[in-house]
>>> print(open('upload_5.pdb').read())   # PDB, C-alpha atoms and all ligand atoms
MODEL        1
ATOM      1  CA  MET A   1       0.000   0.000   0.000
ATOM      2  CA  ARG A   2       1.496   3.310  -1.073
ATOM      3  CA  VAL A   3       0.794   6.318   1.077
ATOM      4  CA  LYS A   4      -0.525   8.278  -1.888
ATOM      5  CA  GLU A   5      -3.082   5.582  -2.552
ATOM      6  CA  LEU A   6      -3.905   5.539   1.109
ATOM      7  CA  LEU A   7      -4.551   9.258   1.157
ATOM      8  CA  GLN A   8      -6.653   9.095  -1.996
ATOM      9  CA  ARG A   9      -8.672   6.320  -0.505
ATOM     10  CA  PHE A  10      -9.172   8.230   2.672
ATOM     11  CA  SER A  11      -9.883  11.515   0.926
ATOM     12  CA  LYS A  12     -12.957   9.949  -0.652
ATOM     13  CA  ARG A  13     -14.396   9.851   2.820
ATOM     14  CA  ALA A  14     -13.252  13.033   4.426
ATOM     15  CA  TYR A  15     -10.248  15.185   3.881
ATOM     16  CA  SER A  16     -11.478  17.604   6.450
ATOM     17  CA  PRO A  17     -10.629  17.261  10.111
ATOM     18  CA  LEU A  18     -12.439  14.137  11.164
ATOM     19  CA  ARG A  19     -12.678  13.358  14.819
ATOM     20  CA  ASP A  20     -13.017   9.839  16.009
ATOM     21  CA  GLU A  21     -15.439  11.052  18.635
ATOM     22  CA  GLU A  22     -17.766  12.053  15.822
ATOM     23  CA  ALA A  23     -17.315   8.913  13.809
ATOM     24  CA  VAL A  24     -20.372   6.763  13.493
ATOM     25  CA  ASP A  25     -20.543   3.097  12.729
ATOM     26  CA  GLY A  26     -21.611   3.133   9.095
ATOM     27  CA  GLY A  27     -23.982   6.020   9.700
ATOM     28  CA  VAL A  28     -27.355   5.161  11.092
ATOM     29  CA  GLY A  29     -27.419   1.410  11.485
ATOM     30  CA  SER A  30     -30.377  -0.894  11.433
ATOM     31  CA  SER A  31     -31.045  -0.080  15.044
ATOM     32  CA  GLY A  32     -31.319   3.592  14.117
ATOM     33  CA  LEU A  33     -28.857   4.392  16.864
ATOM     34  CA  VAL A  34     -25.740   6.454  16.296
ATOM     35  CA  GLU A  35     -22.743   4.890  17.943
ATOM     36  CA  ILE A  36     -20.339   7.278  19.631
ATOM     37  CA  ARG A  37     -16.796   6.008  19.949
ATOM     38  CA  ALA A  38     -14.297   6.752  22.643
ATOM     39  CA  PRO A  39     -11.611   9.190  21.459
ATOM     40  CA  LEU A  40      -8.135   7.834  20.810
ATOM     41  CA  VAL A  41      -5.939   8.958  23.680
ATOM     42  CA  ILE A  42      -2.538  10.125  22.439
ATOM     43  CA  THR A  43       0.233  10.964  24.905
ATOM     44  CA  ARG A  44       3.031  13.248  23.709
ATOM     45  CA  ILE A  45       6.419  12.300  25.097
ATOM     46  CA  GLN A  46       9.751  14.052  24.578
ATOM     47  CA  SER A  47      12.313  11.887  26.330
ATOM     48  CA  GLN A  48      12.990   8.474  27.785
ATOM     49  CA  PRO A  49      12.556   9.645  31.420
ATOM     50  CA  GLU A  50       9.137  11.066  30.458
ATOM     51  CA  PHE A  51       8.295   7.767  28.781
ATOM     52  CA  GLN A  52       9.274   5.783  31.871
ATOM     53  CA  LYS A  53       7.206   8.091  34.067
ATOM     54  CA  HIS A  54       4.222   7.640  31.758
ATOM     55  CA  ARG A  55       4.623   3.851  31.847
ATOM     56  CA  ALA A  56       4.817   3.879  35.641
ATOM     57  CA  GLN A  57       1.602   5.919  35.805
ATOM     58  CA  ILE A  58      -0.304   3.413  33.677
ATOM     59  CA  ASN A  59       1.327   0.319  35.136
ATOM     60  CA  ALA A  60      -1.934  -1.422  36.035
ATOM     61  CA  GLU A  61      -3.344  -0.612  32.618
ATOM     62  CA  LEU A  62      -0.244  -2.105  30.936
ATOM     63  CA  ALA A  63      -0.720  -5.365  32.832
ATOM     64  CA  ALA A  64      -4.396  -5.463  31.821
ATOM     65  CA  ARG A  65      -3.445  -4.891  28.173
ATOM     66  CA  GLN A  66      -0.934  -7.741  28.255
ATOM     67  CA  GLU A  67      -3.519 -10.041  29.751
ATOM     68  CA  ALA A  68      -6.119  -9.067  27.124
ATOM     69  CA  GLU A  69      -3.614  -9.464  24.284
ATOM     70  CA  ARG A  70      -2.689 -12.953  25.447
ATOM     71  CA  GLU A  71      -6.348 -13.913  25.144
ATOM     72  CA  LEU A  72      -6.752 -12.245  21.754
ATOM     73  CA  ALA A  73      -3.667 -13.963  20.304
ATOM     74  CA  GLN A  74      -5.261 -17.236  19.300
ATOM     75  CA  THR A  75      -3.110 -20.280  18.690
ATOM     76  CA  PHE A  76      -4.365 -20.807  15.135
ATOM     77  CA  PRO A  77      -1.873 -19.872  12.386
ATOM     78  CA  SER A  78      -4.185 -17.006  11.489
ATOM     79  CA  PHE A  79      -7.116 -15.522  13.362
ATOM     80  CA  THR A  80      -9.386 -12.496  13.568
ATOM     81  CA  THR A  81     -10.000  -9.834  16.192
ATOM     82  CA  SER A  82     -13.119  -7.681  16.151
ATOM     83  CA  GLY A  83     -12.767  -3.924  16.187
ATOM     84  CA  PHE A  84     -13.504  -0.683  14.384
ATOM     85  CA  CYS A  85     -11.432   0.468  11.397
ATOM     86  CA  PHE A  86     -10.872   4.218  11.575
ATOM     87  CA  VAL A  87      -9.934   4.372   7.870
ATOM     88  CA  CYS A  88     -13.059   2.564   6.679
ATOM     89  CA  GLN A  89     -15.193   3.957   9.493
ATOM     90  CA  LYS A  90     -16.710   0.532   9.869
ATOM     91  CA  ARG A  91     -16.807  -2.290  12.353
ATOM     92  CA  THR A  92     -14.651  -5.127  11.093
ATOM     93  CA  GLN A  93     -12.729  -8.324  11.854
ATOM     94  CA  PHE A  94      -9.003  -7.565  11.778
ATOM     95  CA  LEU A  95      -6.816 -10.338  10.352
ATOM     96  CA  SER A  96      -3.610 -11.504  12.054
ATOM     97  CA  SER A  97      -1.165 -14.360  11.789
ATOM     98  CA  TRP A  98       1.959 -15.514  13.613
ATOM     99  CA  GLU A  99       4.210 -14.400  10.786
ATOM    100  CA  LEU A 100       6.962 -12.037  12.017
ATOM    101  CA  ALA A 101       6.306 -13.117  15.618
ATOM    102  CA  PHE A 102       9.026 -12.286  18.161
ATOM    103  CA  ASN A 103      10.959 -15.077  19.823
ATOM    104  CA  VAL A 104      11.125 -13.990  23.453
ATOM    105  CA  GLY A 105      13.118 -16.381  25.607
ATOM    106  CA  GLY A 106      12.054 -19.397  23.572
ATOM    107  CA  HIS A 107       8.362 -18.622  23.183
ATOM    108  CA  LEU A 108       6.625 -16.650  20.459
ATOM    109  CA  GLU A 109       4.966 -13.290  21.004
ATOM    110  CA  MET A 110       2.616 -11.726  18.483
ATOM    111  CA  ASN A 111       3.959  -8.930  16.309
ATOM    112  CA  TRP A 112       0.752  -6.899  16.542
ATOM    113  CA  ARG A 113       2.324  -3.875  14.842
ATOM    114  CA  GLU A 114       2.470  -5.568  11.432
ATOM    115  CA  HIS A 115      -0.853  -7.394  11.715
ATOM    116  CA  LEU A 116      -4.491  -6.636  12.550
ATOM    117  CA  GLN A 117      -5.094  -5.995   8.882
ATOM    118  CA  CYS A 118      -8.502  -4.624   7.967
ATOM    119  CA  PRO A 119      -9.964  -6.856   5.214
ATOM    120  CA  ARG A 120     -11.606  -3.820   3.587
ATOM    121  CA  CYS A 121      -8.806  -1.219   3.314
ATOM    122  CA  ARG A 122      -6.024  -3.835   3.701
ATOM    123  CA  LEU A 123      -4.104  -1.590   6.108
ATOM    124  CA  ASN A 124      -2.430  -3.135   9.129
ATOM    125  CA  ASN A 125      -2.300  -1.824  12.688
ATOM    126  CA  ARG A 126       0.478   0.754  12.228
ATOM    127  CA  MET A 127      -0.801   2.034   8.867
ATOM    128  CA  ARG A 128      -4.342   2.534  10.170
ATOM    129  CA  ALA A 129      -2.903   4.253  13.218
ATOM    130  CA  SER A 130      -0.810   6.519  10.957
ATOM    131  CA  VAL A 131      -3.965   7.660   9.165
ATOM    132  CA  HIS A 132      -5.716   8.126  12.496
ATOM    133  CA  LEU A 133      -2.856  10.231  13.901
ATOM    134  CA  LEU A 134      -2.671  12.213  10.659
ATOM    135  CA  MET A 135      -6.361  13.098  10.785
ATOM    136  CA  LYS A 136      -6.453  13.736  14.504
ATOM    137  CA  ILE A 137      -3.208  15.653  15.047
ATOM    138  CA  ILE A 138      -2.405  17.255  11.707
ATOM    139  CA  ALA A 139      -5.875  17.300  10.131
ATOM    140  CA  PRO A 140      -4.774  18.206   6.583
ATOM    141  CA  THR A 141      -7.128  20.016   4.260
ATOM    142  CA  ARG A 142      -7.511  19.621   0.500
ATOM    143  CA  GLU A 143      -5.143  22.566   0.140
ATOM    144  CA  SER A 144      -2.377  21.001   2.208
ATOM    145  CA  ARG A 145       0.754  20.162   0.260
ATOM    146  CA  ILE A 146       1.707  16.691   1.422
ATOM    147  CA  TYR A 147       4.845  14.775   0.542
ATOM    148  CA  ALA A 148       4.968  11.062   1.280
ATOM    149  CA  THR A 149       8.448   9.579   1.211
ATOM    150  CA  GLU A 150       7.291   6.055   0.363
ATOM    151  CA  GLN A 151       7.226   6.783  -3.333
ATOM    152  CA  SER A 152      10.927   7.358  -3.405
ATOM    153  CA  SER A 153      13.024   5.629  -0.839
ATOM    154  CA  PRO A 154      12.616   1.969  -1.851
ATOM    155  CA  LEU A 155      13.954   3.048  -5.222
ATOM    156  CA  TYR A 156      16.717   4.981  -3.547
ATOM    157  CA  ILE A 157      17.781   1.877  -1.710
ATOM    158  CA  TYR A 158      17.254  -0.177  -4.846
ATOM    159  CA  SER A 159      19.861   1.953  -6.566
ATOM    160  CA  LEU A 160      22.066   1.931  -3.472
ATOM    161  CA  MET A 161      22.078  -1.842  -3.512
ATOM    162  CA  GLY A 162      23.899  -1.677  -6.819
ATOM    163  CA  GLU A 163      20.985  -2.720  -9.015
ATOM    164  CA  ASN A 164      21.014  -1.401 -12.524
ATOM    165  CA  SER A 165      18.126   1.029 -12.472
ATOM    166  CA  SER A 166      17.647   0.821 -16.227
ATOM    167  CA  LYS A 167      13.976   1.630 -15.908
ATOM    168  CA  LYS A 168      14.994   5.045 -14.599
ATOM    169  CA  LEU A 169      11.815   5.601 -12.674
ATOM    170  CA  ARG A 170      11.800   9.129 -11.411
ATOM    171  CA  HIS A 171      12.580   9.219  -7.758
ATOM    172  CA  GLU A 172      13.728  11.467  -4.985
ATOM    173  CA  ASP A 173      16.816  10.934  -2.894
ATOM    174  CA  LEU A 174      15.566  11.698   0.601
ATOM    175  CA  THR A 175      19.016  12.952   1.600
ATOM    176  CA  GLN A 176      19.004  15.404  -1.302
ATOM    177  CA  LEU A 177      15.458  16.385  -2.210
ATOM    178  CA  SER A 178      14.916  18.297  -5.442
ATOM    179  CA  PHE A 179      12.085  20.382  -3.936
ATOM    180  CA  PRO A 180      12.602  24.046  -3.050
ATOM    181  CA  THR A 181      12.896  25.093   0.571
ATOM    182  CA  HIS A 182       9.495  25.582   2.307
ATOM    183  CA  SER A 183       7.543  23.393  -0.136
ATOM    184  CA  PHE A 184       5.300  21.279   2.072
ATOM    185  CA  ASP A 185       2.750  21.573   4.855
ATOM    186  CA  VAL A 186       3.084  17.924   5.782
ATOM    187  CA  ILE A 187       5.672  15.208   5.273
ATOM    188  CA  LEU A 188       4.661  11.606   5.894
ATOM    189  CA  SER A 189       7.191   8.844   6.224
ATOM    190  CA  PHE A 190       6.122   5.408   7.358
ATOM    191  CA  ASP A 191       8.868   2.875   8.004
ATOM    192  CA  VAL A 192      11.252   4.359   5.447
ATOM    193  CA  LEU A 193      13.957   6.227   7.402
ATOM    194  CA  GLU A 194      15.472   3.019   8.747
ATOM    195  CA  HIS A 195      16.455   2.154   5.172
ATOM    196  CA  ILE A 196      18.509   5.299   4.662
ATOM    197  CA  PRO A 197      22.115   5.074   5.909
ATOM    198  CA  ASP A 198      22.559   8.857   6.041
ATOM    199  CA  TYR A 199      19.341   9.387   8.000
ATOM    200  CA  ARG A 200      20.598  12.657   9.531
ATOM    201  CA  SER A 201      20.724  14.221   6.076
ATOM    202  CA  ALA A 202      17.227  12.869   5.423
ATOM    203  CA  PHE A 203      15.983  14.592   8.632
ATOM    204  CA  ALA A 204      17.654  17.829   7.516
ATOM    205  CA  GLU A 205      16.094  17.653   4.057
ATOM    206  CA  CYS A 206      12.654  17.050   5.541
ATOM    207  CA  ALA A 207      13.137  20.088   7.801
ATOM    208  CA  ARG A 208      14.337  22.220   4.881
ATOM    209  CA  THR A 209      11.474  21.371   2.529
ATOM    210  CA  LEU A 210       8.764  21.853   5.168
ATOM    211  CA  LYS A 211       7.117  25.260   5.408
ATOM    212  CA  PRO A 212       7.838  27.187   8.637
ATOM    213  CA  THR A 213       4.547  25.854  10.052
ATOM    214  CA  GLY A 214       5.089  22.397   8.589
ATOM    215  CA  LYS A 215       4.776  19.090  10.414
ATOM    216  CA  MET A 216       6.216  15.678   9.842
ATOM    217  CA  LEU A 217       4.448  12.509  10.940
ATOM    218  CA  PHE A 218       6.451   9.331  10.745
ATOM    219  CA  SER A 219       6.993   5.809  11.994
ATOM    220  CA  VAL A 220      10.282   3.932  12.308
ATOM    221  CA  PRO A 221      11.430   0.795  14.129
ATOM    222  CA  PHE A 222      11.935   2.242  17.606
ATOM    223  CA  ASP A 223      13.263   0.723  20.808
ATOM    224  CA  ALA A 224      11.732   2.698  23.666
ATOM    225  CA  ASN A 225      14.152   1.010  26.056
ATOM    226  CA  SER A 226      17.175   2.397  24.260
ATOM    227  CA  VAL A 227      18.602   5.909  24.307
ATOM    228  CA  ARG A 228      20.973   5.210  21.456
ATOM    229  CA  ASP A 229      20.134   4.412  17.863
ATOM    230  CA  GLN A 230      21.189   0.918  16.904
ATOM    231  CA  ILE A 231      23.278   1.085  13.743
ATOM    232  CA  ARG A 232      22.927  -2.289  12.040
ATOM    233  CA  ALA A 233      24.721  -1.478   8.792
ATOM    234  CA  GLN A 234      26.498   1.456   7.224
ATOM    235  CA  LEU A 235      27.656   2.595   3.842
ATOM    236  CA  ARG A 236      31.388   2.681   3.169
ATOM    237  CA  LYS A 237      32.934   5.489   1.135
ATOM    238  CA  ASP A 238      33.253   3.151  -1.860
ATOM    239  CA  GLY A 239      29.495   2.517  -1.760
ATOM    240  CA  THR A 240      29.661  -1.000  -0.376
ATOM    241  CA  ILE A 241      27.740  -1.963   2.733
ATOM    242  CA  GLU A 242      29.346  -2.863   6.037
ATOM    243  CA  HIS A 243      27.150  -5.042   8.235
ATOM    244  CA  LEU A 244      27.651  -4.390  11.951
ATOM    245  CA  LEU A 245      24.815  -6.749  12.915
ATOM    246  CA  PRO A 246      23.151  -9.610  11.058
ATOM    247  CA  PRO A 247      21.415  -8.081   8.032
ATOM    248  CA  GLU A 248      17.718  -7.413   8.528
ATOM    249  CA  TYR A 249      15.552  -7.085   5.440
ATOM    250  CA  HIS A 250      12.054  -5.627   5.402
ATOM    251  CA  ASP A 251       9.380  -6.469   2.857
ATOM    252  CA  ASP A 252       9.592  -4.418  -0.293
ATOM    253  CA  PRO A 253       7.019  -5.058  -3.020
ATOM    254  CA  ARG A 254       9.525  -3.949  -5.632
ATOM    255  CA  ASN A 255      12.392  -6.093  -4.496
ATOM    256  CA  PRO A 256      11.889  -9.799  -3.677
ATOM    257  CA  GLU A 257      15.068  -9.781  -1.601
ATOM    258  CA  GLY A 258      13.605  -7.082   0.615
ATOM    259  CA  CYS A 259      15.011  -3.782   1.708
ATOM    260  CA  LEU A 260      18.000  -3.599   4.056
ATOM    261  CA  CYS A 261      17.372  -1.990   7.440
ATOM    262  CA  PHE A 262      20.375   0.191   8.331
ATOM    263  CA  GLN A 263      19.233   1.178  11.814
ATOM    264  CA  HIS A 264      16.648   0.973  14.539
ATOM    265  CA  PHE A 265      16.077   4.197  16.425
ATOM    266  CA  GLY A 266      16.275   5.106  20.101
ATOM    267  CA  TRP A 267      15.455   8.271  22.044
ATOM    268  CA  GLU A 268      18.523  10.130  20.729
ATOM    269  CA  MET A 269      16.681  10.330  17.398
ATOM    270  CA  LEU A 270      14.528  13.123  18.845
ATOM    271  CA  GLU A 271      17.645  15.204  19.551
ATOM    272  CA  GLU A 272      19.097  14.363  16.152
ATOM    273  CA  MET A 273      15.962  15.739  14.535
ATOM    274  CA  LYS A 274      16.269  18.980  16.496
ATOM    275  CA  GLN A 275      19.857  19.295  15.335
ATOM    276  CA  ALA A 276      18.548  18.767  11.796
ATOM    277  CA  GLY A 277      16.232  21.786  12.047
ATOM    278  CA  PHE A 278      13.049  20.764  13.859
ATOM    279  CA  SER A 279      11.985  22.805  16.892
ATOM    280  CA  SER A 280       9.929  20.104  18.629
ATOM    281  CA  VAL A 281       9.800  16.351  18.302
ATOM    282  CA  TRP A 282       7.375  14.086  20.144
ATOM    283  CA  ALA A 283       6.884  10.387  20.484
ATOM    284  CA  LEU A 284       3.137   9.833  20.213
ATOM    285  CA  SER A 285       2.130   6.985  22.473
ATOM    286  CA  TYR A 286      -1.339   5.537  21.905
ATOM    287  CA  TYR A 287      -3.241   2.316  22.368
ATOM    288  CA  SER A 288      -6.717   1.130  21.548
ATOM    289  CA  ARG A 289      -8.406  -2.231  21.828
ATOM    290  CA  GLU A 290     -11.385  -0.775  19.952
ATOM    291  CA  TYR A 291      -9.396   0.444  16.926
ATOM    292  CA  GLY A 292      -7.083  -2.556  16.882
ATOM    293  CA  TYR A 293      -3.929  -0.700  17.895
ATOM    294  CA  LEU A 294      -2.540  -3.505  20.024
ATOM    295  CA  GLY A 295       1.005  -4.318  21.083
ATOM    296  CA  ASP A 296       3.431  -2.952  23.606
ATOM    297  CA  ASN A 297       5.180  -0.514  21.298
ATOM    298  CA  GLN A 298       2.436   1.715  19.898
ATOM    299  CA  ILE A 299       4.565   4.762  19.144
ATOM    300  CA  GLN A 300       4.819   7.063  16.129
ATOM    301  CA  PHE A 301       6.453  10.478  15.868
ATOM    302  CA  LEU A 302       5.532  14.078  15.236
ATOM    303  CA  ALA A 303       8.165  16.677  14.378
ATOM    304  CA  GLU A 304       7.375  20.380  14.055
ATOM    305  CA  LYS A 305       9.526  22.776  12.086
TER     306      LYS A 305
HETATM  307 ZN    ZN B   1     -10.339  -0.546   6.957
ENDMDL
END
>>> encode(input="upload_5.pdb", output="structure tokens")
Amino acid sequence: MRVKELLQRFSKRAYSPLRDEEAVDGGVGSSGLVEIRAPLVITRIQSQPEFQKHRAQINAELAARQEAERELAQTFPSFTTSGFCFVCQKRTQFLSSWELAFNVGGHLEMNWREHLQCPRCRLNNRMRASVHLLMKIIAPTRESRIYATEQSSPLYIYSLMGENSSKKLRHEDLTQLSFPTHSFDVILSFDVLEHIPDYRSAFAECARTLKPTGKMLFSVPFDANSVRDQIRAQLRKDGTIEHLLPPEYHDDPRNPEGCLCFQHFGWEMLEEMKQAGFSSVWALSYYSREYGYLGDNQIQFLAEK
């Protein structure tokens, strides 16, 4: 699913600020009753100590979530979980499987982030949450100039990996964008920045091309228990790749071998973004059983110019 397609799909419904509190379950249902949903609670966090404080405050809630998730994670290879899709604005049965499960001390734990796919819009947990956060926090209008990095970076990596890009599809190098300064109101980047070895330059280019009031919403692999970024691979001066940790490839529809993950991020990323030209950066922590945003690491990021 490309972000552009996602936005087009969503814009058919409402490209105006849509609040989940106002969302109704398919309009007036057969019962004639309008269902009012609980708002998605989003906590803005700026540092690891703040995160730890937040976790301590909701300690009982965290235990209850874990308990509920254990019950929801059925032992079948694939299973469904009922909930409400914010993108479709409909009640649905989210699809999950044990693919990409984490091996924790010898037993498997569900990778909820990459599952809970809505059968209608086909978006998984994190993608639906990205749309939800976009509509709730940024609330773009039809006039908003939005740049989604997904269109470019897989190709960037594709060329980095030494493939002959004979097709010469037009693409942007996220570390060297061709757009003028102050071009965009919004930049969206969902699980892309981990594939760019020079991610600091990518942050700086995003900051440069955003308007002074611009905002960037993004997701990356993030370890909330780590201050430092974890550099898994880096690019040598001669263009070859040095692996510091076992190579990790993420699914890429355009490349059957997948896309190499150069780093996972830690809390120092927020400071790195400020150094790159953003004034404020927040981790957005959220969770919802209702919307199918399950899993212990429900965090995406908002950076303001
Ligand atoms: Zn959906």
>>> residues_near_ligand(input="upload_5.pdb", ligand="ligand ZN 1 (chain B)", cutoff="8 Å", atoms="all atoms listed in the file", output="MDAnalysis selection string")
chainID A and resid 85:90 92 117:123 128
>>> closest_atom_pairs(input="upload_5.pdb", of="stretch 201-260 of chain A", to="stretch 173-176 of chain A", cutoff="8 Å", atoms="all atoms listed in the file", output="tab-separated table")
residue	atom	partner	partner_atom	distance
A:Ser201	CA	A:Thr175	CA	5.0
A:Ala202	CA	A:Thr175	CA	4.2
A:Phe203	CA	A:Thr175	CA	7.8
A:Ala204	CA	A:Thr175	CA	7.8
A:Glu205	CA	A:Thr175	CA	6.1
A:Cys206	CA	A:Leu174	CA	7.8
>>> write_last_selection(input="upload_5.pdb", atoms="C-alpha atoms", output="PDB file, in the frame of the given file")
ATOM      1  CA  SER A 201      20.724  14.221   6.076  1.00  0.00           C
ATOM      2  CA  ALA A 202      17.227  12.869   5.423  1.00  0.00           C
ATOM      3  CA  PHE A 203      15.983  14.592   8.632  1.00  0.00           C
ATOM      4  CA  ALA A 204      17.654  17.829   7.516  1.00  0.00           C
ATOM      5  CA  GLU A 205      16.094  17.653   4.057  1.00  0.00           C
ATOM      6  CA  CYS A 206      12.654  17.050   5.541  1.00  0.00           C
TER       7      CYS A 206
END
>>> closest_residue(input="upload_5.pdb", among="A:Leu40, A:Val192, A:Val227, A:Leu210", to="A:Asp251", atoms="only C-alpha atoms")
A:Val192
>>> resolve_selection(input="upload_5.pdb", expression="the PyMOL selection byres (((chain A and resi 81) around 12) and not hetatm)", output="count of residues only")
33
>>> closest_residue(input="upload_5.pdb", among="A:Glu304, A:Gly106, A:Tyr286, A:Glu143", to="A:Thr43", atoms="only C-alpha atoms")
A:Tyr286
>>> resolve_selection(input="upload_5.pdb", expression="the PyMOL selection byres (((chain A and resi 215) around 9) and not hetatm)", output="PyMOL selection string")
chain A and resi 138+184-188+207+210-214+216-217+302-305
>>> closest_residue(input="upload_5.pdb", among="A:Ala139, A:Ala129, A:Ser47, A:Thr149", to="A:Gly266", atoms="all atoms listed in the file")
A:Ser47
>>> atom_distance(input="upload_5.pdb", atom1="atom CA of A:Asp229", atom2="atom CA of A:Val281")
15.8 Å
>>> axis_aligned_box(input="upload_5.pdb", around="stretch 256-271 of chain A", padding_each_side="6 Å", output="JSON")
{"center_x": 16.1, "center_y": 2.7, "center_z": 9.2, "size_x": 20.5, "size_y": 37.0, "size_z": 37.7}
>>> closest_residue(input="upload_5.pdb", among="A:Thr141, A:Thr240, A:Ser226, A:Ser219", to="A:Trp282", atoms="only C-alpha atoms")
A:Ser219
>>> closest_residue(input="upload_5.pdb", among="A:Leu193, A:Ala63, A:Leu284, A:Leu244", to="A:Ala224", atoms="only C-alpha atoms")
A:Leu284
>>> resolve_selection(input="upload_5.pdb", expression="the PyMOL selection byres (((chain A and resi 233) around 12) and not hetatm)", output="PDB file with C-alpha atoms, in the frame of the given file")
ATOM      1  CA  GLU A 194      15.472   3.019   8.747  1.00  0.00           C
ATOM      2  CA  HIS A 195      16.455   2.154   5.172  1.00  0.00           C
ATOM      3  CA  ILE A 196      18.509   5.299   4.662  1.00  0.00           C
ATOM      4  CA  PRO A 197      22.115   5.074   5.909  1.00  0.00           C
ATOM      5  CA  ASP A 198      22.559   8.857   6.041  1.00  0.00           C
ATOM      6  CA  ASP A 229      20.134   4.412  17.863  1.00  0.00           C
ATOM      7  CA  GLN A 230      21.189   0.918  16.904  1.00  0.00           C
ATOM      8  CA  ILE A 231      23.278   1.085  13.743  1.00  0.00           C
ATOM      9  CA  ARG A 232      22.927  -2.289  12.040  1.00  0.00           C
ATOM     10  CA  GLN A 234      26.498   1.456   7.224  1.00  0.00           C
ATOM     11  CA  LEU A 235      27.656   2.595   3.842  1.00  0.00           C
ATOM     12  CA  ARG A 236      31.388   2.681   3.169  1.00  0.00           C
ATOM     13  CA  THR A 240      29.661  -1.000  -0.376  1.00  0.00           C
ATOM     14  CA  ILE A 241      27.740  -1.963   2.733  1.00  0.00           C
ATOM     15  CA  GLU A 242      29.346  -2.863   6.037  1.00  0.00           C
ATOM     16  CA  HIS A 243      27.150  -5.042   8.235  1.00  0.00           C
ATOM     17  CA  LEU A 244      27.651  -4.390  11.951  1.00  0.00           C
ATOM     18  CA  LEU A 245      24.815  -6.749  12.915  1.00  0.00           C
ATOM     19  CA  PRO A 246      23.151  -9.610  11.058  1.00  0.00           C
ATOM     20  CA  PRO A 247      21.415  -8.081   8.032  1.00  0.00           C
ATOM     21  CA  GLU A 248      17.718  -7.413   8.528  1.00  0.00           C
ATOM     22  CA  TYR A 249      15.552  -7.085   5.440  1.00  0.00           C
ATOM     23  CA  LEU A 260      18.000  -3.599   4.056  1.00  0.00           C
ATOM     24  CA  CYS A 261      17.372  -1.990   7.440  1.00  0.00           C
ATOM     25  CA  PHE A 262      20.375   0.191   8.331  1.00  0.00           C
ATOM     26  CA  GLN A 263      19.233   1.178  11.814  1.00  0.00           C
ATOM     27  CA  HIS A 264      16.648   0.973  14.539  1.00  0.00           C
TER      28      HIS A 264
END
>>> closest_residue(input="upload_5.pdb", among="A:Glu114, A:Glu109, A:Asp191, A:Glu150", to="A:Glu172", atoms="all atoms listed in the file")
A:Glu150
>>> atom_distance(input="upload_5.pdb", atom1="atom CA of A:Thr209", atom2="atom CA of A:Ser183")
5.2 Å
>>> atom_distance(input="upload_5.pdb", atom1="atom CA of A:Leu134", atom2="atom CA of A:Val220")
15.5 Å
>>> build_atoms(input="upload_5.pdb", residues="stretch 185-196 of chain A", atoms="N, CA and C atoms", output="PDB file, in the coordinates of the input")
ATOM      1  N   ASP A 185       3.409  21.405   3.554  1.00  0.00           N
ATOM      2  CA  ASP A 185       2.750  21.573   4.855  1.00  0.00           C
ATOM      3  C   ASP A 185       2.964  20.338   5.722  1.00  0.00           C
ATOM      4  N   VAL A 186       3.013  19.186   5.053  1.00  0.00           N
ATOM      5  CA  VAL A 186       3.084  17.924   5.782  1.00  0.00           C
ATOM      6  C   VAL A 186       4.041  16.972   5.063  1.00  0.00           C
ATOM      7  N   ILE A 187       4.891  16.313   5.826  1.00  0.00           N
ATOM      8  CA  ILE A 187       5.672  15.208   5.273  1.00  0.00           C
ATOM      9  C   ILE A 187       5.294  13.944   6.043  1.00  0.00           C
ATOM     10  N   LEU A 188       5.014  12.895   5.296  1.00  0.00           N
ATOM     11  CA  LEU A 188       4.661  11.606   5.894  1.00  0.00           C
ATOM     12  C   LEU A 188       5.734  10.597   5.525  1.00  0.00           C
ATOM     13  N   SER A 189       6.157   9.828   6.497  1.00  0.00           N
ATOM     14  CA  SER A 189       7.191   8.844   6.224  1.00  0.00           C
ATOM     15  C   SER A 189       6.966   7.641   7.132  1.00  0.00           C
ATOM     16  N   PHE A 190       6.493   6.561   6.544  1.00  0.00           N
ATOM     17  CA  PHE A 190       6.122   5.408   7.358  1.00  0.00           C
ATOM     18  C   PHE A 190       7.045   4.228   7.096  1.00  0.00           C
ATOM     19  N   ASP A 191       7.900   3.970   8.079  1.00  0.00           N
ATOM     20  CA  ASP A 191       8.868   2.875   8.004  1.00  0.00           C
ATOM     21  C   ASP A 191       9.742   2.962   6.749  1.00  0.00           C
ATOM     22  N   VAL A 192      10.354   4.102   6.576  1.00  0.00           N
ATOM     23  CA  VAL A 192      11.252   4.359   5.447  1.00  0.00           C
ATOM     24  C   VAL A 192      12.644   4.777   5.947  1.00  0.00           C
ATOM     25  N   LEU A 193      12.685   5.618   6.982  1.00  0.00           N
ATOM     26  CA  LEU A 193      13.957   6.227   7.402  1.00  0.00           C
ATOM     27  C   LEU A 193      14.994   5.208   7.885  1.00  0.00           C
ATOM     28  N   GLU A 194      14.519   4.044   8.304  1.00  0.00           N
ATOM     29  CA  GLU A 194      15.472   3.019   8.747  1.00  0.00           C
ATOM     30  C   GLU A 194      16.244   2.415   7.571  1.00  0.00           C
ATOM     31  N   HIS A 195      15.787   2.708   6.358  1.00  0.00           N
ATOM     32  CA  HIS A 195      16.455   2.154   5.172  1.00  0.00           C
ATOM     33  C   HIS A 195      17.451   3.132   4.557  1.00  0.00           C
ATOM     34  N   ILE A 196      17.625   4.276   5.208  1.00  0.00           N
ATOM     35  CA  ILE A 196      18.509   5.299   4.662  1.00  0.00           C
ATOM     36  C   ILE A 196      19.740   5.440   5.554  1.00  0.00           C
TER      37      ILE A 196
END
